[in-house]
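What follows is the content of query08.cif (mmCIF, C-alpha atoms).
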data_run
#
loop_
_atom_site.label_atom_id
_atom_site.label_comp_id
_atom_site.auth_asym_id
_atom_site.auth_seq_id
_atom_site.Cartn_x
_atom_site.Cartn_y
_atom_site.Cartn_z
CA MET H 14 0.00 0.00 0.00
CA PRO H 15 1.38 3.46 -0.80
CA GLU H 16 2.28 5.53 2.22
CA LEU H 17 -0.01 8.36 1.11
CA GLU H 18 -2.71 8.57 -1.54
CA ILE H 19 -4.76 11.70 -1.96
CA THR H 20 -8.20 11.90 -3.53
CA ILE H 21 -9.74 15.28 -4.33
CA ARG H 22 -13.47 15.72 -4.93
CA SER H 23 -15.56 18.78 -5.60
CA VAL H 24 -18.77 19.10 -3.63
CA GLY H 25 -20.38 22.24 -4.97
CA SER H 26 -17.84 25.00 -4.46
CA VAL H 27 -15.91 23.02 -1.84
CA ALA H 28 -12.82 20.91 -2.54
CA VAL H 29 -12.76 17.82 -0.34
CA VAL H 30 -9.19 16.59 0.08
CA GLU H 31 -9.08 13.00 1.33
CA PRO H 32 -5.62 11.65 2.20
CA ARG H 33 -5.24 7.91 2.81
CA GLY H 34 -2.28 6.61 4.79
CA PHE H 35 -0.14 8.91 6.88
CA VAL H 36 1.45 12.33 6.63
CA ASN H 37 4.97 12.71 7.96
CA ALA H 38 8.11 14.50 6.78
CA HIS H 39 8.50 11.87 4.04
CA THR H 40 5.01 12.15 2.56
CA VAL H 41 4.18 15.76 3.38
CA SER H 42 5.30 17.17 0.02
CA GLY H 43 2.44 15.37 -1.77
CA PHE H 44 -0.05 16.58 0.82
CA GLU H 45 1.22 20.14 0.57
CA ARG H 46 1.13 20.03 -3.23
CA ALA H 47 -2.48 18.81 -3.22
CA LEU H 48 -3.52 21.72 -1.01
CA SER H 49 -1.47 24.34 -2.86
CA GLU H 50 -2.81 23.25 -6.25
CA ARG H 51 -6.37 23.73 -4.99
CA VAL H 52 -5.55 27.21 -3.74
CA ASP H 53 -3.65 28.16 -6.91
CA ALA H 54 -6.67 27.05 -8.94
CA GLY H 55 -8.87 29.36 -6.88
CA ASN H 56 -10.50 26.64 -4.77
CA VAL H 57 -10.15 28.27 -1.38
CA ARG H 58 -13.01 26.44 0.31
CA ILE H 59 -11.23 23.29 1.42
CA VAL H 60 -12.32 20.42 3.62
CA ILE H 61 -9.69 17.89 4.66
CA SER H 62 -11.25 14.56 5.52
CA GLY H 63 -9.20 12.55 7.98
CA ALA H 64 -11.34 9.43 7.77
CA HIS H 65 -8.53 7.35 6.26
CA LEU H 66 -5.51 8.84 8.01
CA SER H 67 -3.62 6.58 10.38
CA TYR H 68 -1.40 9.31 11.78
CA VAL H 69 -0.26 12.85 11.08
CA ALA H 70 3.12 14.08 12.32
CA SER H 71 3.92 17.74 12.95
CA ALA H 72 5.01 18.11 9.31
CA GLY H 73 1.44 17.45 8.18
CA PHE H 74 -0.07 19.92 10.63
CA GLY H 75 2.63 22.39 9.59
CA ALA H 76 1.47 22.17 5.97
CA ILE H 77 -2.01 23.32 7.02
CA MET H 78 -0.58 25.95 9.36
CA GLY H 79 1.59 27.47 6.63
CA LEU H 80 -1.27 27.82 4.18
CA ILE H 81 -4.40 28.61 6.17
CA GLU H 82 -3.96 32.35 6.58
CA ASP H 83 -3.35 32.84 2.85
CA VAL H 84 -6.51 30.84 2.17
CA ARG H 85 -8.47 32.95 4.64
CA GLY H 86 -7.02 36.10 3.10
CA ARG H 87 -8.59 35.00 -0.18
CA GLY H 88 -11.99 34.54 1.42
CA GLY H 89 -11.76 30.81 2.02
CA ASP H 90 -10.85 28.45 4.81
CA ILE H 91 -9.42 25.01 5.52
CA ARG H 92 -11.78 22.94 7.65
CA ILE H 93 -11.22 19.46 9.00
CA CYS H 94 -13.60 16.52 9.37
CA ALA H 95 -13.79 12.88 10.36
CA LEU H 96 -10.50 12.69 12.23
CA SER H 97 -9.75 9.23 13.59
CA GLY H 98 -9.00 8.88 17.31
CA PRO H 99 -5.18 9.06 17.24
CA VAL H 100 -5.12 11.92 14.70
CA ALA H 101 -7.77 13.87 16.61
CA HIS H 102 -5.74 13.39 19.78
CA ILE H 103 -2.55 14.88 18.28
CA PHE H 104 -4.66 17.66 16.69
CA ARG H 105 -5.92 18.66 20.16
CA VAL H 106 -2.53 18.18 21.86
CA LEU H 107 -1.01 20.68 19.40
CA GLY H 108 -3.83 23.17 19.97
CA PHE H 109 -5.04 23.00 16.37
CA ASP H 110 -8.62 23.14 17.58
CA ARG H 111 -7.92 26.86 18.14
CA LEU H 112 -6.74 27.27 14.53
CA CYS H 113 -9.13 25.14 12.46
CA ARG H 114 -12.82 24.39 12.67
CA THR H 115 -13.48 20.66 12.91
CA PHE H 116 -16.54 18.55 12.19
CA GLU H 117 -17.37 14.93 12.80
CA ARG H 118 -19.10 14.51 9.42
CA GLU H 119 -17.92 15.62 5.99
CA GLU H 120 -21.43 16.80 5.10
CA ASP H 121 -21.40 19.21 8.03
CA ALA H 122 -17.95 20.56 7.12
CA VAL H 123 -19.08 21.17 3.52
CA GLU H 124 -22.37 22.69 4.67
CA SER H 125 -20.50 25.07 7.00
CA PHE H 126 -19.27 26.96 3.93
CA ARG H 127 -22.83 27.71 2.79
CA GLY H 128 -23.42 31.43 3.06
CA SER H 129 -19.82 32.21 3.93
CA MET D 26 28.18 21.84 26.58
CA GLY D 27 25.54 20.70 29.08
CA PRO D 28 22.21 19.18 28.22
CA VAL D 29 19.74 21.31 26.30
CA GLU D 30 16.57 20.83 28.20
CA SER D 31 13.34 22.70 28.04
CA ALA D 32 12.78 24.71 31.19
CA ALA D 33 9.50 23.18 32.26
CA PRO D 34 8.14 24.37 35.58
CA ARG D 35 8.75 20.90 36.97
CA THR D 36 11.13 18.56 35.19
CA PRO D 37 10.63 14.94 36.22
CA ASP D 38 13.64 12.87 37.17
CA PRO D 39 15.00 10.78 34.32
CA LEU D 40 14.22 7.10 34.24
CA PRO D 41 17.10 4.99 35.54
CA THR D 42 18.98 3.28 32.72
CA PRO D 43 18.12 -0.42 33.00
CA ALA D 44 20.79 -3.11 33.14
CA ALA D 45 19.23 -5.08 30.29
CA PRO D 46 20.67 -4.39 26.85
CA PRO D 47 18.59 -2.03 24.73
CA ILE D 48 16.88 -2.77 21.44
CA VAL D 49 19.06 -1.02 18.84
CA LEU D 50 18.24 0.21 15.34
CA ILE D 51 20.86 1.78 13.11
CA LEU D 52 19.22 3.53 10.17
CA PRO D 53 20.03 6.01 7.45
CA ALA D 54 19.21 9.56 8.52
CA ALA D 55 16.56 9.91 5.83
CA CYS D 56 12.85 10.64 5.70
CA GLU D 57 12.39 7.27 4.00
CA ALA D 58 13.24 5.62 7.35
CA LEU D 59 10.47 7.43 9.25
CA THR D 60 7.83 4.81 8.54
CA LEU D 61 10.03 2.06 9.93
CA VAL D 62 10.97 4.14 12.97
CA HIS D 63 7.32 4.93 13.70
CA GLU D 64 6.21 1.32 13.44
CA ALA D 65 9.16 -0.02 15.45
CA ALA D 66 8.59 2.52 18.23
CA ARG D 67 4.88 1.75 18.38
CA ARG D 68 5.45 -1.99 18.61
CA ILE D 69 8.26 -1.74 21.15
CA ALA D 70 6.18 0.61 23.31
CA ALA D 71 3.23 -1.80 23.16
CA GLY D 72 5.57 -4.67 24.06
CA ALA D 73 6.81 -2.61 27.01
CA GLY D 74 3.27 -2.52 28.39
CA PHE D 75 1.94 0.81 27.15
CA ASP D 76 -1.67 0.93 25.99
CA GLU D 77 -2.57 1.71 22.38
CA LEU D 78 -2.91 5.47 22.87
CA ALA D 79 0.38 5.76 24.79
CA ALA D 80 2.19 3.57 22.23
CA ASP D 81 0.89 5.83 19.44
CA GLU D 82 2.05 8.91 21.34
CA ILE D 83 5.52 7.44 21.86
CA ALA D 84 5.74 6.52 18.17
CA VAL D 85 4.83 10.08 17.14
CA ALA D 86 7.40 11.54 19.56
CA VAL D 87 10.19 9.27 18.28
CA ASN D 88 9.17 10.13 14.72
CA GLU D 89 9.51 13.83 15.59
CA ALA D 90 12.99 13.33 17.07
CA MET D 91 14.08 11.40 13.98
CA THR D 92 12.64 14.12 11.73
CA ASN D 93 14.52 16.77 13.70
CA ILE D 94 17.78 14.88 13.16
CA VAL D 95 17.18 14.42 9.43
CA GLU D 96 16.04 17.98 8.75
CA HIS D 97 18.00 20.05 11.28
CA ALA D 98 21.00 18.09 12.58
CA TYR D 99 21.97 16.84 9.11
CA ARG D 100 20.01 19.47 7.08
CA GLY D 101 18.76 16.78 4.75
CA GLU D 102 22.23 15.73 3.62
CA PRO D 103 22.40 12.06 2.55
CA GLY D 104 24.95 9.57 3.85
CA HIS D 105 24.43 9.94 7.61
CA GLU D 106 23.16 7.48 10.21
CA VAL D 107 21.00 7.57 13.31
CA THR D 108 21.37 5.04 16.11
CA ILE D 109 18.18 4.49 18.09
CA ARG D 110 18.21 2.64 21.40
CA PHE D 111 15.00 1.59 23.13
CA HIS D 112 15.39 0.90 26.88
CA PRO D 113 12.23 -0.67 28.30
CA SER D 114 12.24 -0.81 32.11
CA PRO D 115 9.76 -1.38 34.92
CA GLY D 116 9.36 2.39 35.17
CA GLY D 117 8.64 3.00 31.50
CA LEU D 118 10.55 3.43 28.27
CA ARG D 119 13.56 5.54 27.37
CA VAL D 120 14.37 6.13 23.71
CA GLU D 121 17.74 7.59 22.73
CA LEU D 122 18.53 8.77 19.19
CA ASP D 123 22.21 9.48 18.54
CA HIS D 124 23.53 11.56 15.65
CA ARG D 125 26.70 13.36 14.63
CA GLY D 126 25.06 16.44 13.20
CA GLU D 127 24.32 19.90 14.49
CA SER D 128 22.75 20.15 17.96
CA PRO D 129 19.75 22.38 18.69
CA THR D 130 20.49 25.57 20.57
CA ARG D 131 17.12 25.66 22.32
CA LEU D 132 14.10 23.47 22.84
CA PRO D 133 10.89 25.50 22.73
CA LEU D 134 8.49 24.85 25.57
CA GLU D 135 5.33 25.53 23.63
CA ALA D 136 4.20 26.07 20.06
CA ASP D 137 1.18 28.23 19.36
CA PRO D 138 -0.27 27.18 16.00
CA VAL D 139 -2.37 30.35 15.77
CA ARG D 140 0.71 32.58 16.08
CA LEU D 141 2.80 30.36 13.78
CA ALA D 142 0.02 30.39 11.16
CA ALA D 143 -0.12 34.18 11.32
CA GLU D 144 3.62 34.17 10.59
CA ARG D 145 3.06 31.72 7.67
CA ARG D 146 5.36 29.24 9.39
CA ARG D 147 5.24 25.57 8.44
CA GLY D 148 7.62 24.40 11.15
CA GLY D 149 8.16 24.90 14.84
CA LEU D 150 5.81 22.23 16.15
CA GLY D 151 8.02 19.15 16.48
CA VAL D 152 9.89 19.73 19.72
CA ALA D 153 6.81 21.07 21.50
CA LEU D 154 4.89 18.01 20.36
CA MET D 155 7.61 15.69 21.69
CA ARG D 156 7.44 17.52 25.02
CA LYS D 157 3.68 17.16 25.23
CA LEU D 158 3.76 13.44 24.50
CA MET D 159 6.69 12.33 26.65
CA THR D 160 7.50 12.63 30.34
CA ARG D 161 10.94 14.10 29.77
CA VAL D 162 12.73 15.37 26.64
CA GLU D 163 16.38 16.37 26.54
CA HIS D 164 19.06 16.91 23.96
CA LEU D 165 22.48 15.85 25.28
CA GLU D 166 26.03 15.77 23.99
CA PRO D 167 27.33 12.58 25.63
CA SER D 168 30.71 12.72 23.89
CA PRO D 169 32.45 15.15 21.52
CA GLY D 170 30.64 15.33 18.21
CA VAL D 171 27.70 13.17 19.31
CA GLY D 172 24.22 14.60 19.84
CA ARG D 173 21.52 12.60 21.59
CA TRP D 174 17.78 13.06 21.87
CA SER D 175 16.70 11.32 25.07
CA LEU D 176 12.96 10.75 25.45
CA ASP D 177 11.44 9.19 28.59
CA ARG D 178 7.88 8.02 29.02
CA ARG D 179 6.85 6.71 32.42
CA HIS D 180 4.13 4.18 33.05
CA ARG D 181 1.08 5.48 34.78
CA HIS D 182 0.86 4.48 38.43
CA PRO D 183 -1.88 1.89 38.90
CA ASP D 184 -3.56 4.22 41.41
CA GLY D 185 -3.16 7.26 39.15
CA ARG D 186 -0.62 8.97 41.43
CA SER D 187 2.53 10.67 40.29
CA GLY D 188 3.82 7.89 38.02
CA ASP D 189 2.40 9.47 34.90
CA LEU D 190 4.17 12.78 34.95
CA ARG D 191 2.96 14.08 31.62
#
Can you give me the file's structure in the form of structure tokens?
Amino acid sequence: MPELEITIRSVGSVAVVEPRGFVNAHTVSGFERALSERVDAGNVRIVISGAHLSYVASAGFGAIMGLIEDVRGRGGDIRICALSGPVAHIFRVLGFDRLCRTFEREEDAVESFRGS
Amino acid sequence: MGPVESAAPRTPDPLPTPAAPPIVLILPAACEALTLVHEAARRIAAGAGFDELAADEIAVAVNEAMTNIVEHAYRGEPGHEVTIRFHPSPGGLRVELDHRGESPTRLPLEADPVRLAAERRRGGLGVALMRKLMTRVEHLEPSPGVGRWSLDRRHRHPDGRSGDLR
């Protein structure tokens, strides 16, 4: 199995980025590229689904951290959904719940962009 | 140079080094080795009696130390090695990662992702994450030219007292 596979879907005006595997310093470049390409293409409403992530190291969180204010400056946001237990735990330990809005369900994360 | 240690309000005593020989991995200092390091650390921590959550935390912390060595001590240069020693003991688990690269000058206590995001920073989380997941984190220079990350994780006391010092 590849260490990281990334699927990107459009749900209305929202890009749903779904990584499968794990994000660490080895795989982060692919994750970062997937996010940056969305932003460069003007898709600044981004939901990252963590449903199929086994773990995320600080490099992965750093990729979101380095991009999110540019995305917000362009009227969008990066929102997170469906984090598995271990990933959600590290997310909270790092204090990312103060930086990113999180949702249990993808539908709710996508819906949260309605009207924004 | 003395140990570089984060100045936590209360720094727990280090775990005693057990008499039993450690489990040793010698690996290339490369991001490609991170997957193996993570999985080995998780399994060794589980074998040392840590529950699933604690074993995952230890694996992430060891992964962060290895990443720090690859990216900062060796600045991504190929051809270097890292020696990792796992010391399980009745008190917990010590993990030591030795390198011959550049040592850190400071270990940040905390990382605020909101502030770092405002500064468009992508890094600055790793050491703080190690500190949050382990009981004690130090960077030592045990002999000339050798740098060592030393990470301790204590077992929780059965009655919930001071054994778990995180």
Checklist outcome for this item: Of H:Ala122, H:Ser129, H:Glu16, H:Ala28, the one nearest to chain D when counting all atoms listed in the file is H:Glu16
Checklist entry - On this structure, which residues satisfy the PyMOL selection byres ((chain D and resi 135) around 9), written as number ranges by chain? => result D: 133-134, 136-137, 150, 152-154, 156-157
Using all atoms listed in the file, find each residue in range 67-165 of chain D having at least one atom no more than 6 Å away from range 37-50 of chain D; report its shortest atom-to-atom pair and that distance in Å (one decimal), rows by chain then rising number, as a Markdown table.
| residue | atom | partner | partner_atom | distance |
| --- | --- | --- | --- | --- |
| D:Thr108 | CA | D:Leu50 | CA | 5.8 |
| D:Ile109 | CA | D:Leu50 | CA | 5.1 |
| D:Arg110 | CA | D:Val49 | CA | 4.5 |
| D:Phe111 | CA | D:Ile48 | CA | 5.0 |
| D:His112 | CA | D:Pro47 | CA | 4.8 |
| D:Ser114 | CA | D:Pro43 | CA | 6.0 |
Could you write out the selected residues, including C-alpha atoms, as a PDB file, in the frame of the given file?
ATOM      1  CA  THR D 108      21.370   5.040  16.110  1.00  0.00           C
ATOM      2  CA  ILE D 109      18.180   4.490  18.090  1.00  0.00           C
ATOM      3  CA  ARG D 110      18.210   2.640  21.400  1.00  0.00           C
ATOM      4  CA  PHE D 111      15.000   1.590  23.130  1.00  0.00           C
ATOM      5  CA  HIS D 112      15.390   0.900  26.880  1.00  0.00           C
ATOM      6  CA  SER D 114      12.240  -0.810  32.110  1.00  0.00           C
TER       7      SER D 114
END
With all atoms listed in the file as the counted atoms, please give the residues lying no more than 9 Å from Val27 in chain H, apart from itself and same-chain residues fewer than 5 positions off, as a PDB file with C-alpha atoms, in the frame of the given file.
ATOM      1  CA  ARG H  22     -13.470  15.720  -4.930  1.00  0.00           C
ATOM      2  CA  ASN H  56     -10.500  26.640  -4.770  1.00  0.00           C
ATOM      3  CA  VAL H  57     -10.150  28.270  -1.380  1.00  0.00           C
ATOM      4  CA  ARG H  58     -13.010  26.440   0.310  1.00  0.00           C
ATOM      5  CA  ILE H  59     -11.230  23.290   1.420  1.00  0.00           C
ATOM      6  CA  VAL H  60     -12.320  20.420   3.620  1.00  0.00           C
ATOM      7  CA  VAL H 123     -19.080  21.170   3.520  1.00  0.00           C
ATOM      8  CA  PHE H 126     -19.270  26.960   3.930  1.00  0.00           C
TER       9      PHE H 126
END
Checklist entry - Which one of D:Pro167, D:Pro138, D:Pro103, D:Gly172 sits closest to chain H if you count all atoms listed in the file? => result D:Pro138
Next on the checklist: On this structure, the PyMOL selection byres ((chain D) within 10 of (chain H)) would catch which residues? List them as a ChimeraX atom specification, sorted by chain and number.
Outcome noted: /D:55-60,63,77-79,81-82,84-86,88-89,91-93,95-96,135-155,157-158
Item to check | Result set, the PyMOL selection byres ((chain H and resi 87-96) around 6) on current file, as a PyMOL selection string | outcome: chain H and resi 57-64+84-86+97+100-101+113-119
Checklist entry - So how many Å separate CA of His105 in chain D and CA of Ala90 in chain D, to one decimal? => result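 Calculated distance between CA of His105 in chain D and CA of Ala90 in chain D is 15.2 Å.
In this model, the gap between CA of Arg105 in chain H and CA of Pro32 in chain H comes to 19.3 Å.
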Next on the checklist: Which residue is closest to Pro53 in chain D? Choose from D:Leu176, D:Ile94, D:Val162, D:Leu118 and count all atoms listed in the file.
Outcome noted: D:Ile94
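The space between CA of Arg46 in chain H and CA of Phe104 in chain H spans 20.9 Å.
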Output file: range 57-156 of chain D, C-alpha atoms, as a PDB file, in the first residue's frame:
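Written out: part.pdb:
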ATOM      1  CA  GLU D  57      12.386   7.266   3.997  1.00  0.00           C
ATOM      2  CA  ALA D  58      13.245   5.618   7.352  1.00  0.00           C
ATOM      3  CA  LEU D  59      10.473   7.428   9.247  1.00  0.00           C
ATOM      4  CA  THR D  60       7.835   4.808   8.536  1.00  0.00           C
ATOM      5  CA  LEU D  61      10.029   2.056   9.931  1.00  0.00           C
ATOM      6  CA  VAL D  62      10.968   4.141  12.968  1.00  0.00           C
ATOM      7  CA  HIS D  63       7.325   4.929  13.701  1.00  0.00           C
ATOM      8  CA  GLU D  64       6.208   1.319  13.439  1.00  0.00           C
ATOM      9  CA  ALA D  65       9.162  -0.024  15.447  1.00  0.00           C
ATOM     10  CA  ALA D  66       8.594   2.516  18.225  1.00  0.00           C
ATOM     11  CA  ARG D  67       4.883   1.747  18.379  1.00  0.00           C
ATOM     12  CA  ARG D  68       5.451  -1.992  18.609  1.00  0.00           C
ATOM     13  CA  ILE D  69       8.262  -1.744  21.153  1.00  0.00           C
ATOM     14  CA  ALA D  70       6.179   0.608  23.312  1.00  0.00           C
ATOM     15  CA  ALA D  71       3.234  -1.801  23.162  1.00  0.00           C
ATOM     16  CA  GLY D  72       5.573  -4.666  24.058  1.00  0.00           C
ATOM     17  CA  ALA D  73       6.811  -2.615  27.009  1.00  0.00           C
ATOM     18  CA  GLY D  74       3.270  -2.523  28.390  1.00  0.00           C
ATOM     19  CA  PHE D  75       1.937   0.813  27.146  1.00  0.00           C
ATOM     20  CA  ASP D  76      -1.673   0.931  25.990  1.00  0.00           C
ATOM     21  CA  GLU D  77      -2.571   1.709  22.379  1.00  0.00           C
ATOM     22  CA  LEU D  78      -2.909   5.468  22.867  1.00  0.00           C
ATOM     23  CA  ALA D  79       0.376   5.755  24.785  1.00  0.00           C
ATOM     24  CA  ALA D  80       2.185   3.573  22.229  1.00  0.00           C
ATOM     25  CA  ASP D  81       0.893   5.828  19.436  1.00  0.00           C
ATOM     26  CA  GLU D  82       2.055   8.913  21.336  1.00  0.00           C
ATOM     27  CA  ILE D  83       5.521   7.441  21.861  1.00  0.00           C
ATOM     28  CA  ALA D  84       5.736   6.516  18.169  1.00  0.00           C
ATOM     29  CA  VAL D  85       4.831  10.080  17.138  1.00  0.00           C
ATOM     30  CA  ALA D  86       7.404  11.544  19.555  1.00  0.00           C
ATOM     31  CA  VAL D  87      10.190   9.266  18.284  1.00  0.00           C
ATOM     32  CA  ASN D  88       9.169  10.132  14.720  1.00  0.00           C
ATOM     33  CA  GLU D  89       9.512  13.828  15.585  1.00  0.00           C
ATOM     34  CA  ALA D  90      12.993  13.331  17.071  1.00  0.00           C
ATOM     35  CA  MET D  91      14.079  11.398  13.976  1.00  0.00           C
ATOM     36  CA  THR D  92      12.638  14.120  11.733  1.00  0.00           C
ATOM     37  CA  ASN D  93      14.517  16.767  13.698  1.00  0.00           C
ATOM     38  CA  ILE D  94      17.776  14.884  13.163  1.00  0.00           C
ATOM     39  CA  VAL D  95      17.175  14.420   9.426  1.00  0.00           C
ATOM     40  CA  GLU D  96      16.040  17.978   8.747  1.00  0.00           C
ATOM     41  CA  HIS D  97      17.999  20.047  11.278  1.00  0.00           C
ATOM     42  CA  ALA D  98      21.000  18.089  12.577  1.00  0.00           C
ATOM     43  CA  TYR D  99      21.965  16.840   9.108  1.00  0.00           C
ATOM     44  CA  ARG D 100      20.014  19.470   7.084  1.00  0.00           C
ATOM     45  CA  GLY D 101      18.757  16.777   4.746  1.00  0.00           C
ATOM     46  CA  GLU D 102      22.234  15.728   3.619  1.00  0.00           C
ATOM     47  CA  PRO D 103      22.404  12.064   2.546  1.00  0.00           C
ATOM     48  CA  GLY D 104      24.948   9.567   3.853  1.00  0.00           C
ATOM     49  CA  HIS D 105      24.434   9.942   7.609  1.00  0.00           C
ATOM     50  CA  GLU D 106      23.161   7.484  10.213  1.00  0.00           C
ATOM     51  CA  VAL D 107      21.002   7.571  13.309  1.00  0.00           C
ATOM     52  CA  THR D 108      21.372   5.039  16.113  1.00  0.00           C
ATOM     53  CA  ILE D 109      18.180   4.487  18.088  1.00  0.00           C
ATOM     54  CA  ARG D 110      18.212   2.638  21.404  1.00  0.00           C
ATOM     55  CA  PHE D 111      15.005   1.589  23.133  1.00  0.00           C
ATOM     56  CA  HIS D 112      15.387   0.903  26.877  1.00  0.00           C
ATOM     57  CA  PRO D 113      12.231  -0.674  28.296  1.00  0.00           C
ATOM     58  CA  SER D 114      12.242  -0.810  32.105  1.00  0.00           C
ATOM     59  CA  PRO D 115       9.763  -1.381  34.924  1.00  0.00           C
ATOM     60  CA  GLY D 116       9.357   2.390  35.170  1.00  0.00           C
ATOM     61  CA  GLY D 117       8.636   3.003  31.497  1.00  0.00           C
ATOM     62  CA  LEU D 118      10.553   3.434  28.269  1.00  0.00           C
ATOM     63  CA  ARG D 119      13.561   5.540  27.372  1.00  0.00           C
ATOM     64  CA  VAL D 120      14.369   6.125  23.706  1.00  0.00           C
ATOM     65  CA  GLU D 121      17.741   7.588  22.728  1.00  0.00           C
ATOM     66  CA  LEU D 122      18.529   8.770  19.192  1.00  0.00           C
ATOM     67  CA  ASP D 123      22.214   9.480  18.538  1.00  0.00           C
ATOM     68  CA  HIS D 124      23.528  11.558  15.646  1.00  0.00           C
ATOM     69  CA  ARG D 125      26.704  13.356  14.625  1.00  0.00           C
ATOM     70  CA  GLY D 126      25.060  16.442  13.199  1.00  0.00           C
ATOM     71  CA  GLU D 127      24.321  19.901  14.492  1.00  0.00           C
ATOM     72  CA  SER D 128      22.755  20.149  17.955  1.00  0.00           C
ATOM     73  CA  PRO D 129      19.755  22.378  18.686  1.00  0.00           C
ATOM     74  CA  THR D 130      20.486  25.567  20.574  1.00  0.00           C
ATOM     75  CA  ARG D 131      17.123  25.662  22.318  1.00  0.00           C
ATOM     76  CA  LEU D 132      14.101  23.475  22.840  1.00  0.00           C
ATOM     77  CA  PRO D 133      10.894  25.500  22.732  1.00  0.00           C
ATOM     78  CA  LEU D 134       8.492  24.851  25.569  1.00  0.00           C
ATOM     79  CA  GLU D 135       5.328  25.528  23.631  1.00  0.00           C
ATOM     80  CA  ALA D 136       4.201  26.066  20.062  1.00  0.00           C
ATOM     81  CA  ASP D 137       1.175  28.229  19.364  1.00  0.00           C
ATOM     82  CA  PRO D 138      -0.268  27.179  15.995  1.00  0.00           C
ATOM     83  CA  VAL D 139      -2.373  30.353  15.770  1.00  0.00           C
ATOM     84  CA  ARG D 140       0.708  32.582  16.077  1.00  0.00           C
ATOM     85  CA  LEU D 141       2.803  30.364  13.780  1.00  0.00           C
ATOM     86  CA  ALA D 142       0.025  30.388  11.165  1.00  0.00           C
ATOM     87  CA  ALA D 143      -0.116  34.183  11.319  1.00  0.00           C
ATOM     88  CA  GLU D 144       3.617  34.166  10.593  1.00  0.00           C
ATOM     89  CA  ARG D 145       3.057  31.723   7.669  1.00  0.00           C
ATOM     90  CA  ARG D 146       5.358  29.244   9.394  1.00  0.00           C
ATOM     91  CA  ARG D 147       5.241  25.566   8.443  1.00  0.00           C
ATOM     92  CA  GLY D 148       7.624  24.401  11.147  1.00  0.00           C
ATOM     93  CA  GLY D 149       8.158  24.904  14.844  1.00  0.00           C
ATOM     94  CA  LEU D 150       5.808  22.232  16.148  1.00  0.00           C
ATOM     95  CA  GLY D 151       8.015  19.145  16.478  1.00  0.00           C
ATOM     96  CA  VAL D 152       9.892  19.730  19.720  1.00  0.00           C
ATOM     97  CA  ALA D 153       6.814  21.074  21.499  1.00  0.00           C
ATOM     98  CA  LEU D 154       4.895  18.010  20.357  1.00  0.00           C
ATOM     99  CA  MET D 155       7.610  15.694  21.694  1.00  0.00           C
ATOM    100  CA  ARG D 156       7.438  17.520  25.018  1.00  0.00           C
TER     101      ARG D 156
END
